[in-house]
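Below is one structure, written out as structure tokens; the observations come after it.
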Amino acid sequence: MSVQEKVRIPAQRTPKKKVALSEGKKQERKLGWLLCAPAAIVMVAVTAYPIIYSVWLSLQRYDLKFPEDREFIGLTNYVTVLSNNYWWTAFGVTALITVISVTVELILGMGLALIMHKTLVGRGLVRTSALIPYGIVTVVAAFSWRYAWTPGTGYLANLVSPDGAPLTERASALAIIIFAEIWKTTPFMALLLMAGLALVPDDLLKAASMDGASWWQRFTKVMLPVMKPAILVALLFRTLDAFRIFDNIYVLSAGANETSSVSMIAYNNLMKGLNLGIGSTMSVLIFLTVAIIAFIFVKLFGTAAPGSDDGERR
Amino acid sequence: MADIVLDKVSKKYPDGTVAVHDIDLEIADGEFIILVGPSGCGKSTTLNMIAGLEDISSGELRIAGERVNDKAPKDRDIAMVFQSYALYPNMTVRENMAFPLRLAKLDKKVIDEKVGEAARVLELTDYLDRKPANLSGGQRQRVAMGRAIVRSPKAFLMDEPLSNLDAKLRVQMRTQVSRLQKQLGTTTVYVTHDQTEAMTLGDRVVVMRGGYIQQVGDPQTLYDRPVNLFVAGFIGSPAMNFLAATVEEDKLRTALGDLPIGGRTRAALSGADAPRQLILGIRPEHFEDASLVEDHQRAKGYEFTAPVDLVESMGSDKYVYFTVEGEHASSADLEDLAADAGGADLPPQDSLVTRLSAESRVRDGADAKVWMNLDKIHLFDPSDGRNITLTDEKAEV
């Protein structure tokens with residue numbers, strides 16, 4: 001996603017300047033394209049082709065269990081999926097997980113970022129230890145959470161509900177999934193936010209305290225507005241990431257008791273059900289949702305792609 | 001408005017370095033005081049301690065008679081202007097200036113009035129709805145000033161407020177700052193490393209070095225009666241010339257020749273502990289083309305002939321540079337000054353800078369006969385930099 005963003009933004013700006021290009025500028029542009037070409041070709045090969053191919057598959061009835069029934073059926077698959085409760089339940093679950101985990105991560109991540117930013121003693125140790133969860137492979141972490149929440153053997157299950165099996169009930173299972181997600185990616189959020197904190201000049205905070213601002217006023221009226229671009233980028237990354245949640249659910253509940261995310265049911269249809277048509281349709285829908293989220297962030301909130309220099313706020 | 005008193009104020013960092021040593025300073029109500037010195041001299045630390053942005057390690061700080069050591073910056077009722085201006089990028093000029101008033105929970109109408117008034121004084125009325133990013137450096141600087149004056153605080157603190165401006169604008173703003181301060185009559189502490197700024201702006205100037213106050217006084221006193229080598233070399237542009245001098249019987253032996261020891265210098269050297277090895281300091285304007293000196297003046301000075309290196313004609317007068325052969329003046333203070341090239345533009349060690357009348361006919365490469373005013377020389381003890389001519393003058397008074 002992010003690579004596409006970077007490519008797209010300069011491309012949008014070109015028409016304005018396209019009035020009259022000098023010979024030198026033309027040459028420069030040509031060289032630019034040539035330099036980009038290898039990367040662009042690889043991108044097309046590994047992302048554009050699969051995307052287009054899955055769009056093509058989504059327009060067909062194509063179940064590997066009945067390969068002879070393969071047929072072009074237009075948008076029928078989309079009608080099937082979008083009129084299905086199963087899909088909307090998964091969509092709701094995904095949205096719920098995304099909203100709650102990103103919100104909590106933002107708050108915790110901000111706290112962590114502030115601590116890491118302020119810490120003078122043992123800064124390296126604090127940062128390293130805060131980053132450990134992010135360094136652990138998601139599946140491995142998910143397994144350790146599963147064991148922890150398994151009745152009988154798990155220390156957390158025994159502690160919280162000695163009689164129940166939290167992973168087998170919808171609400172508690174979702175809560176555990178969200179918890180695992182937050183535990184795992186808060187450090188990432190904190191890291192992005194800390195980069196944003198570094199953007200707030202010290203003088204600005206000093207000036208605010210001279211102007212009579214309390215700590216909270218300095219935070220909300222000076223730090224947050226100045227950090228806004230960094231916060232939006234962090235939110236964008238995490239929202240896109242959270243919406244595609246798969247591994248935590250796969251390991252923790254395997255999607256039982258209506259805890260499936262959209263990625264889970266797409267996987268189930270594609271890999272387990274071998275229904276390439278429906279599975280591809282779901283994949284395309286996920287892709288579209290993610291694209292819409294990115295679009296909202298970039299266009300409506302004015303999130304600047306990291307590294308682009310037009311991050312100026314209006 | 002209030003007076004500010006620093007009573008043996010020190011700043012010691014946890015790692016043991018001492019940035020400011022026992023500073024005693026009384027700043028009168030309405031006074032414009034300048035802290036000046038090379039980088040690392042403790043002037044900004046002192047300012048930050050007054051502001052409350054840095055803790056005071058020992059000593060007492062009183063604003064309007066009240067001890068404020070433990071008060072948060074926001075409770076000290078002082079405003080500060082930063083070198084970087086520190087304007088809030090997300091707010092318009094109006095919002096920036098209104099920010100301290102809004103935090104003070106003032107009435108909306110009062111805020112509008114005060115901001116409007118400040119904007120008028122600073123000629124910012126047309127820019128009130130712009131964001132700082134769309135302002136020029138000078139305008140930003142004025143917004144920063146505006147944010148300070150809207151509150152009518154007890155005192156203004158300014159941390160090198162003009163050093164991010166280009167040279168021409170800096171001179172303009174200097175006048176404006178000075179006029180504004182006179183108009184408002186608010187106690188102002190102003191930090192700069194630029195001695196020209198210090199000389200032109202302040203009622204009194206505090207020269208600092210290595211965390212110690214070297215000398216406090218009005219600009220003319222610092223210029224005419226520097227207490228030591230450091231102040232003498234730091235204040236003035238072009239800087240004072242320094243030459244090694246040896247006392248021999250009735251003469252001062254220098255690279256310019258043997259100077260007679262006159263009444264003033266004789267008194268200074270008559271003390272039993274007066275050193276034999278000295279550093280002689282003389283400002284460029286105390287030289288003159290010998291042919292232009294009137295007869296009754298001539299007797300007070302000493303004439304020498306030297307080859308001219310370079311003539312810079314400034315229109316009103318001429319800067320003439322000479323090369324001086326012989327022993328160089330050397331002292332820890334002079335090395336410090338030379339190291340801080342930004343603070344003082346000391347001439348190279350073997351060069352002598354003189355400021356002669358515009359009518360002078362001296363030319364590059366030719367020999368020139370130059371007169372120096374012996375009444376104006378200073379003699380410094382190389383071991384501690386003390387101005388020995390000055391101590392004696394004081395004794396005479």
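Letters A, B, ... mark the chains of the structure tokens in the order given; residue numbers begin at 1 per chain; ligand numbers begin at 1, in order shown.
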| request: Please provide as a ChimeraX atom specification all residues within 10 Å of segment 165-180 of chain B, with the sequence filter that same-chain residues fewer than 6 positions apart are discarded (counting only C-alpha atoms). | output: /B:32,83,121-122,136-138,141-142,145,149,186,196-197,200-202
Prev. selection, N, CA and C atoms, output as a PDB file, in the first residue's frame:
```
ATOM      1  N   PHE B  32      16.339  47.919  31.064  1.00  0.00           N
ATOM      2  CA  PHE B  32      16.633  47.044  29.925  1.00  0.00           C
ATOM      3  C   PHE B  32      18.056  46.543  30.138  1.00  0.00           C
ATOM      4  N   GLN B  83      14.617  32.632  20.385  1.00  0.00           N
ATOM      5  CA  GLN B  83      15.399  32.816  19.151  1.00  0.00           C
ATOM      6  C   GLN B  83      14.654  32.218  17.953  1.00  0.00           C
ATOM      7  N   VAL B 121       0.434  48.157  17.225  1.00  0.00           N
ATOM      8  CA  VAL B 121       1.749  48.640  17.634  1.00  0.00           C
ATOM      9  C   VAL B 121       2.845  47.980  16.785  1.00  0.00           C
ATOM     10  N   LEU B 122       2.670  46.702  16.508  1.00  0.00           N
ATOM     11  CA  LEU B 122       3.718  45.966  15.795  1.00  0.00           C
ATOM     12  C   LEU B 122       3.473  45.898  14.286  1.00  0.00           C
ATOM     13  N   SER B 136       7.137  36.329   6.799  1.00  0.00           N
ATOM     14  CA  SER B 136       8.586  36.467   6.650  1.00  0.00           C
ATOM     15  C   SER B 136       9.230  36.403   8.029  1.00  0.00           C
ATOM     16  N   GLY B 137      10.544  36.287   8.049  1.00  0.00           N
ATOM     17  CA  GLY B 137      11.258  36.184   9.320  1.00  0.00           C
ATOM     18  C   GLY B 137      10.969  37.353  10.248  1.00  0.00           C
ATOM     19  N   GLY B 138      10.976  38.554   9.685  1.00  0.00           N
ATOM     20  CA  GLY B 138      10.755  39.747  10.491  1.00  0.00           C
ATOM     21  C   GLY B 138       9.345  39.765  11.065  1.00  0.00           C
ATOM     22  N   GLN B 141       9.066  37.341  13.868  1.00  0.00           N
ATOM     23  CA  GLN B 141       9.707  37.894  15.052  1.00  0.00           C
ATOM     24  C   GLN B 141       8.748  38.855  15.752  1.00  0.00           C
ATOM     25  N   ARG B 142       8.028  39.643  14.965  1.00  0.00           N
ATOM     26  CA  ARG B 142       7.101  40.608  15.561  1.00  0.00           C
ATOM     27  C   ARG B 142       5.926  39.898  16.220  1.00  0.00           C
ATOM     28  N   MET B 145       7.049  38.839  19.517  1.00  0.00           N
ATOM     29  CA  MET B 145       7.041  39.997  20.419  1.00  0.00           C
ATOM     30  C   MET B 145       5.609  40.294  20.863  1.00  0.00           C
ATOM     31  N   ILE B 149       3.895  40.844  24.520  1.00  0.00           N
ATOM     32  CA  ILE B 149       3.410  42.119  25.079  1.00  0.00           C
ATOM     33  C   ILE B 149       1.919  42.121  25.384  1.00  0.00           C
ATOM     34  N   THR B 186       8.690  48.127  30.476  1.00  0.00           N
ATOM     35  CA  THR B 186       8.687  46.850  31.183  1.00  0.00           C
ATOM     36  C   THR B 186      10.120  46.370  31.388  1.00  0.00           C
ATOM     37  N   THR B 196      27.540  44.236  19.620  1.00  0.00           N
ATOM     38  CA  THR B 196      26.954  45.459  19.059  1.00  0.00           C
ATOM     39  C   THR B 196      25.522  45.620  19.568  1.00  0.00           C
ATOM     40  N   GLU B 197      24.779  44.510  19.541  1.00  0.00           N
ATOM     41  CA  GLU B 197      23.419  44.517  20.050  1.00  0.00           C
ATOM     42  C   GLU B 197      23.411  44.932  21.520  1.00  0.00           C
ATOM     43  N   THR B 200      24.150  48.700  21.891  1.00  0.00           N
ATOM     44  CA  THR B 200      23.152  49.645  21.400  1.00  0.00           C
ATOM     45  C   THR B 200      21.851  49.568  22.162  1.00  0.00           C
ATOM     46  N   LEU B 201      21.513  48.395  22.719  1.00  0.00           N
ATOM     47  CA  LEU B 201      20.187  48.238  23.290  1.00  0.00           C
ATOM     48  C   LEU B 201      20.101  48.559  24.777  1.00  0.00           C
ATOM     49  N   GLY B 202      21.102  48.152  25.507  1.00  0.00           N
ATOM     50  CA  GLY B 202      20.896  48.052  26.948  1.00  0.00           C
ATOM     51  C   GLY B 202      21.066  49.326  27.730  1.00  0.00           C
TER      52      GLY B 202
END
```
| task | Identify every residue of chain A that has at least one atom within 12 Å of any atom of chain B, counting only C-alpha atoms, and report the result as a PyMOL selection string. | result | chain A and resi 120+199-218+220-229+312-314
Residues just named, written with C-alpha atoms as a CSV table (one decimal), in the first residue's frame:
```
chain,number,residue,atom,x,y,z
A,120,LEU,CA,16.7,10.2,30.4
A,199,LEU,CA,9.1,16.9,15.6
A,200,VAL,CA,7.7,19.1,18.3
A,201,PRO,CA,10.4,21.7,19.0
A,202,ASP,CA,11.4,22.1,22.6
A,203,ASP,CA,11.1,25.9,22.3
A,204,LEU,CA,7.4,25.5,21.5
A,205,LEU,CA,6.7,23.7,24.7
A,206,LYS,CA,8.8,26.1,26.7
A,207,ALA,CA,6.9,29.0,25.1
A,208,ALA,CA,3.6,27.4,25.9
A,209,SER,CA,4.6,27.0,29.5
A,210,MET,CA,5.7,30.6,29.7
A,211,ASP,CA,2.3,31.5,28.1
A,212,GLY,CA,0.7,29.9,31.1
A,213,ALA,CA,-0.2,26.4,29.7
A,214,SER,CA,-0.5,23.5,32.1
A,215,TRP,CA,0.9,20.1,31.1
A,216,TRP,CA,-2.4,19.0,29.7
A,217,GLN,CA,-2.9,22.2,27.7
A,218,ARG,CA,0.6,22.0,26.3
A,220,THR,CA,-3.5,19.1,23.7
A,221,LYS,CA,-3.0,22.6,22.3
A,222,VAL,CA,0.6,22.4,21.1
A,223,MET,CA,1.9,18.9,20.9
A,224,LEU,CA,-1.1,17.1,19.4
A,225,PRO,CA,-1.6,19.7,16.6
A,226,VAL,CA,2.1,19.8,15.7
A,227,MET,CA,2.2,16.0,15.8
A,228,LYS,CA,-1.0,15.6,13.8
A,229,PRO,CA,0.7,14.4,10.6
A,312,GLU,CA,1.9,21.1,5.1
A,313,ARG,CA,-1.2,21.5,7.0
A,314,ARG,CA,-3.9,23.8,5.7
```
Spatial neighbours of Leu276 of chain A, 9 Å, only C-alpha atoms, chain gap at least 6 places, as a PDB file with N, CA and C atoms, in the first residue's frame:
```
ATOM      1  N   SER A  54      -7.148 -11.704  -9.493  1.00  0.00           N
ATOM      2  CA  SER A  54      -8.215 -12.044  -8.555  1.00  0.00           C
ATOM      3  C   SER A  54      -9.508 -11.323  -8.923  1.00  0.00           C
ATOM      4  N   LEU A  57     -10.918 -13.543 -11.496  1.00  0.00           N
ATOM      5  CA  LEU A  57     -11.485 -14.747 -10.886  1.00  0.00           C
ATOM      6  C   LEU A  57     -12.815 -14.445 -10.200  1.00  0.00           C
ATOM      7  N   SER A  58     -12.909 -13.246  -9.612  1.00  0.00           N
ATOM      8  CA  SER A  58     -14.114 -12.914  -8.849  1.00  0.00           C
ATOM      9  C   SER A  58     -15.326 -12.758  -9.768  1.00  0.00           C
ATOM     10  N   GLN A  60     -16.094 -14.874 -12.008  1.00  0.00           N
ATOM     11  CA  GLN A  60     -16.444 -16.194 -12.563  1.00  0.00           C
ATOM     12  C   GLN A  60     -17.026 -17.104 -11.507  1.00  0.00           C
ATOM     13  N   ARG A  61     -17.840 -18.048 -11.949  1.00  0.00           N
ATOM     14  CA  ARG A  61     -18.182 -19.134 -11.055  1.00  0.00           C
ATOM     15  C   ARG A  61     -17.044 -20.135 -11.220  1.00  0.00           C
ATOM     16  N   TYR A  62     -16.303 -20.359 -10.140  1.00  0.00           N
ATOM     17  CA  TYR A  62     -15.098 -21.179 -10.283  1.00  0.00           C
ATOM     18  C   TYR A  62     -14.828 -21.868  -8.958  1.00  0.00           C
ATOM     19  N   ASP A  63     -15.337 -23.103  -8.852  1.00  0.00           N
ATOM     20  CA  ASP A  63     -15.118 -23.878  -7.639  1.00  0.00           C
ATOM     21  C   ASP A  63     -14.262 -25.059  -8.033  1.00  0.00           C
ATOM     22  N   LEU A  64     -13.099 -25.209  -7.370  1.00  0.00           N
ATOM     23  CA  LEU A  64     -12.185 -26.285  -7.785  1.00  0.00           C
ATOM     24  C   LEU A  64     -12.796 -27.664  -7.563  1.00  0.00           C
ATOM     25  N   ASN A 269     -12.947 -19.720   2.391  1.00  0.00           N
ATOM     26  CA  ASN A 269     -13.581 -20.002   1.098  1.00  0.00           C
ATOM     27  C   ASN A 269     -12.566 -20.409   0.051  1.00  0.00           C
ATOM     28  N   LEU A 270     -11.416 -19.711   0.068  1.00  0.00           N
ATOM     29  CA  LEU A 270     -10.414 -19.969  -0.966  1.00  0.00           C
ATOM     30  C   LEU A 270      -9.666 -21.279  -0.723  1.00  0.00           C
TER      31      LEU A 270
END
```
Which residues are close to Ile182 of chain A, i.e. within 7 Å by only C-alpha atoms, leaving aside same-chain residues fewer than 4 positions away? Reply as a PDB file with C-alpha atoms, in the first residue's frame.
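Output saved as part.pdb:
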```
ATOM      1  CA  SER A 101      -7.615  -2.030  18.962  1.00  0.00           C
ATOM      2  CA  GLU A 105      -3.235   1.380  20.755  1.00  0.00           C
ATOM      3  CA  ILE A 178      -8.214  -7.597  20.612  1.00  0.00           C
ATOM      4  CA  THR A 186       1.258  -0.918  20.578  1.00  0.00           C
TER       5      THR A 186
END
```
| field | Nearest to Asp194 of chain B, chosen from B:Val93, B:Leu106, B:Leu35, B:Leu278, with only C-alpha atoms counted in the distances | value | B:Leu35
| message | Taking 3 positions as the minimum chain separation for residues in the same chain, which residues sit within 12 Å of Arg225 of chain B when counting only C-alpha atoms? Answer as number ranges by chain. | response | B: 215-222, 228-229, 231-233, 235-236, 281-283, 376-380, 386-394
Write out the residues from the selection above, keeping C-alpha atoms, as a PDB file, in the first residue's frame.
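Once everything was written out, this is result_13.pdb:
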```pdb
ATOM      1  CA  GLN B 215      31.538  43.234  34.577  1.00  0.00           C
ATOM      2  CA  VAL B 216      28.221  45.014  34.892  1.00  0.00           C
ATOM      3  CA  GLY B 217      27.803  48.553  33.706  1.00  0.00           C
ATOM      4  CA  ASP B 218      26.323  50.892  31.184  1.00  0.00           C
ATOM      5  CA  PRO B 219      27.704  50.425  27.671  1.00  0.00           C
ATOM      6  CA  GLN B 220      30.007  53.439  27.789  1.00  0.00           C
ATOM      7  CA  THR B 221      31.611  52.347  31.052  1.00  0.00           C
ATOM      8  CA  LEU B 222      32.263  48.873  29.678  1.00  0.00           C
ATOM      9  CA  ASN B 228      39.817  42.990  32.479  1.00  0.00           C
ATOM     10  CA  LEU B 229      41.306  41.735  29.270  1.00  0.00           C
ATOM     11  CA  VAL B 231      35.768  42.562  28.608  1.00  0.00           C
ATOM     12  CA  ALA B 232      38.224  44.839  26.804  1.00  0.00           C
ATOM     13  CA  GLY B 233      38.554  42.381  23.938  1.00  0.00           C
ATOM     14  CA  ILE B 235      33.363  44.846  23.721  1.00  0.00           C
ATOM     15  CA  GLY B 236      34.052  47.002  20.714  1.00  0.00           C
ATOM     16  CA  GLY B 281      45.504  47.476  25.030  1.00  0.00           C
ATOM     17  CA  ILE B 282      44.498  50.370  22.828  1.00  0.00           C
ATOM     18  CA  ARG B 283      41.379  50.906  20.767  1.00  0.00           C
ATOM     19  CA  LYS B 376      43.872  56.030  26.380  1.00  0.00           C
ATOM     20  CA  ILE B 377      46.005  52.962  26.796  1.00  0.00           C
ATOM     21  CA  HIS B 378      45.096  50.182  29.168  1.00  0.00           C
ATOM     22  CA  LEU B 379      47.614  47.891  30.818  1.00  0.00           C
ATOM     23  CA  PHE B 380      46.590  44.392  31.749  1.00  0.00           C
ATOM     24  CA  ARG B 386      43.148  42.485  35.458  1.00  0.00           C
ATOM     25  CA  ASN B 387      43.195  46.021  34.122  1.00  0.00           C
ATOM     26  CA  ILE B 388      45.822  47.641  36.344  1.00  0.00           C
ATOM     27  CA  THR B 389      45.372  51.136  34.944  1.00  0.00           C
ATOM     28  CA  LEU B 390      41.758  51.035  35.966  1.00  0.00           C
ATOM     29  CA  THR B 391      42.243  50.047  39.601  1.00  0.00           C
ATOM     30  CA  ASP B 392      44.439  53.051  40.043  1.00  0.00           C
ATOM     31  CA  GLU B 393      42.029  55.425  38.435  1.00  0.00           C
ATOM     32  CA  LYS B 394      39.418  54.274  40.864  1.00  0.00           C
TER      33      LYS B 394
END
```
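For the atom pair formed by atom CA of Leu191 of chain A and atom CA of Ala294 of chain A, the distance is 20.5 Å, given to one decimal.
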| query | Counting only C-alpha atoms, which of A:Thr239, A:Ser172, A:Ser22, A:Thr150 gets nearest to Val99 of chain A? | reply | A:Thr239
| said: Run DSSP on the backbone and tell me which residues of segment 47-215 of chain A come out as alpha helix (DSSP H); list them as a PyMOL selection string. | reply: chain A and resi 49-58+76-82+85-118+123-135+138-149+155-160+170-197+202-210+215
Determine, counting only C-alpha atoms, which protein, DNA and RNA residues have an atom within 7 Å of an atom of Thr323 of chain B; residues of the same chain fewer than 2 positions away are not included. Present the result as a short mmCIF file (atom, residue, chain, number, x, y, z; two decimals) with N, CA and C atoms, in the first residue's frame.
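Contents of out-v6.cif, as written:
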```
data_model
loop_
_atom_site.label_atom_id
_atom_site.label_comp_id
_atom_site.auth_asym_id
_atom_site.auth_seq_id
_atom_site.Cartn_x
_atom_site.Cartn_y
_atom_site.Cartn_z
N ASP B 309 49.47 47.91 5.69
CA ASP B 309 49.04 46.67 5.05
C ASP B 309 47.87 46.90 4.13
N TYR B 321 45.28 49.05 8.52
CA TYR B 321 45.85 47.86 9.16
C TYR B 321 47.36 47.86 9.01
N GLU B 325 55.72 43.57 14.00
CA GLU B 325 56.71 42.51 14.21
C GLU B 325 57.02 42.45 15.69
N ASP B 350 49.26 39.48 14.92
CA ASP B 350 50.36 40.39 14.56
C ASP B 350 49.85 41.60 13.80
N SER B 351 48.53 41.82 13.85
CA SER B 351 48.01 42.93 13.08
C SER B 351 47.49 44.02 14.02
N LEU B 352 47.66 45.24 13.58
CA LEU B 352 47.23 46.37 14.38
C LEU B 352 46.15 47.10 13.59
#
```
| request: Give me the residues within 10 Å of segment 76-78 of chain A as number ranges by chain, counting only C-alpha atoms and dropping any in the same chain fewer than 6 places off. | output: A: 57-61, 84, 277-282, 284-285
Just N, CA and C atoms for this one: save the residues we selected as a short mmCIF file (atom, residue, chain, number, x, y, z; two decimals), in the first residue's frame.
```
data_model
loop_
_atom_site.label_atom_id
_atom_site.label_comp_id
_atom_site.auth_asym_id
_atom_site.auth_seq_id
_atom_site.Cartn_x
_atom_site.Cartn_y
_atom_site.Cartn_z
N LEU A 57 -10.92 -13.54 -11.50
CA LEU A 57 -11.49 -14.75 -10.89
C LEU A 57 -12.82 -14.44 -10.20
N SER A 58 -12.91 -13.25 -9.61
CA SER A 58 -14.11 -12.91 -8.85
C SER A 58 -15.33 -12.76 -9.77
N LEU A 59 -15.07 -12.61 -11.05
CA LEU A 59 -16.18 -12.45 -11.99
C LEU A 59 -16.64 -13.79 -12.57
N GLN A 60 -16.09 -14.87 -12.01
CA GLN A 60 -16.44 -16.19 -12.56
C GLN A 60 -17.03 -17.10 -11.51
N ARG A 61 -17.84 -18.05 -11.95
CA ARG A 61 -18.18 -19.13 -11.05
C ARG A 61 -17.04 -20.13 -11.22
N ASN A 84 -25.03 -11.79 1.95
CA ASN A 84 -24.87 -12.90 2.88
C ASN A 84 -24.57 -12.40 4.29
N GLY A 277 -13.94 -18.44 -7.01
CA GLY A 277 -14.77 -17.30 -7.38
C GLY A 277 -15.18 -16.49 -6.17
N ILE A 278 -15.83 -17.15 -5.19
CA ILE A 278 -16.31 -16.44 -3.99
C ILE A 278 -15.12 -15.91 -3.18
N GLY A 279 -14.10 -16.73 -3.00
CA GLY A 279 -12.92 -16.32 -2.23
C GLY A 279 -12.28 -15.09 -2.83
N SER A 280 -12.14 -15.08 -4.18
CA SER A 280 -11.54 -13.91 -4.83
C SER A 280 -12.42 -12.69 -4.66
N THR A 281 -13.72 -12.90 -4.73
CA THR A 281 -14.64 -11.78 -4.55
C THR A 281 -14.41 -11.14 -3.19
N MET A 282 -14.29 -12.01 -2.16
CA MET A 282 -14.05 -11.47 -0.82
C MET A 282 -12.72 -10.73 -0.76
N VAL A 284 -11.19 -9.20 -3.13
CA VAL A 284 -11.32 -7.92 -3.82
C VAL A 284 -12.07 -6.93 -2.94
N LEU A 285 -13.11 -7.43 -2.24
CA LEU A 285 -13.86 -6.53 -1.36
C LEU A 285 -12.98 -6.01 -0.23
#
```
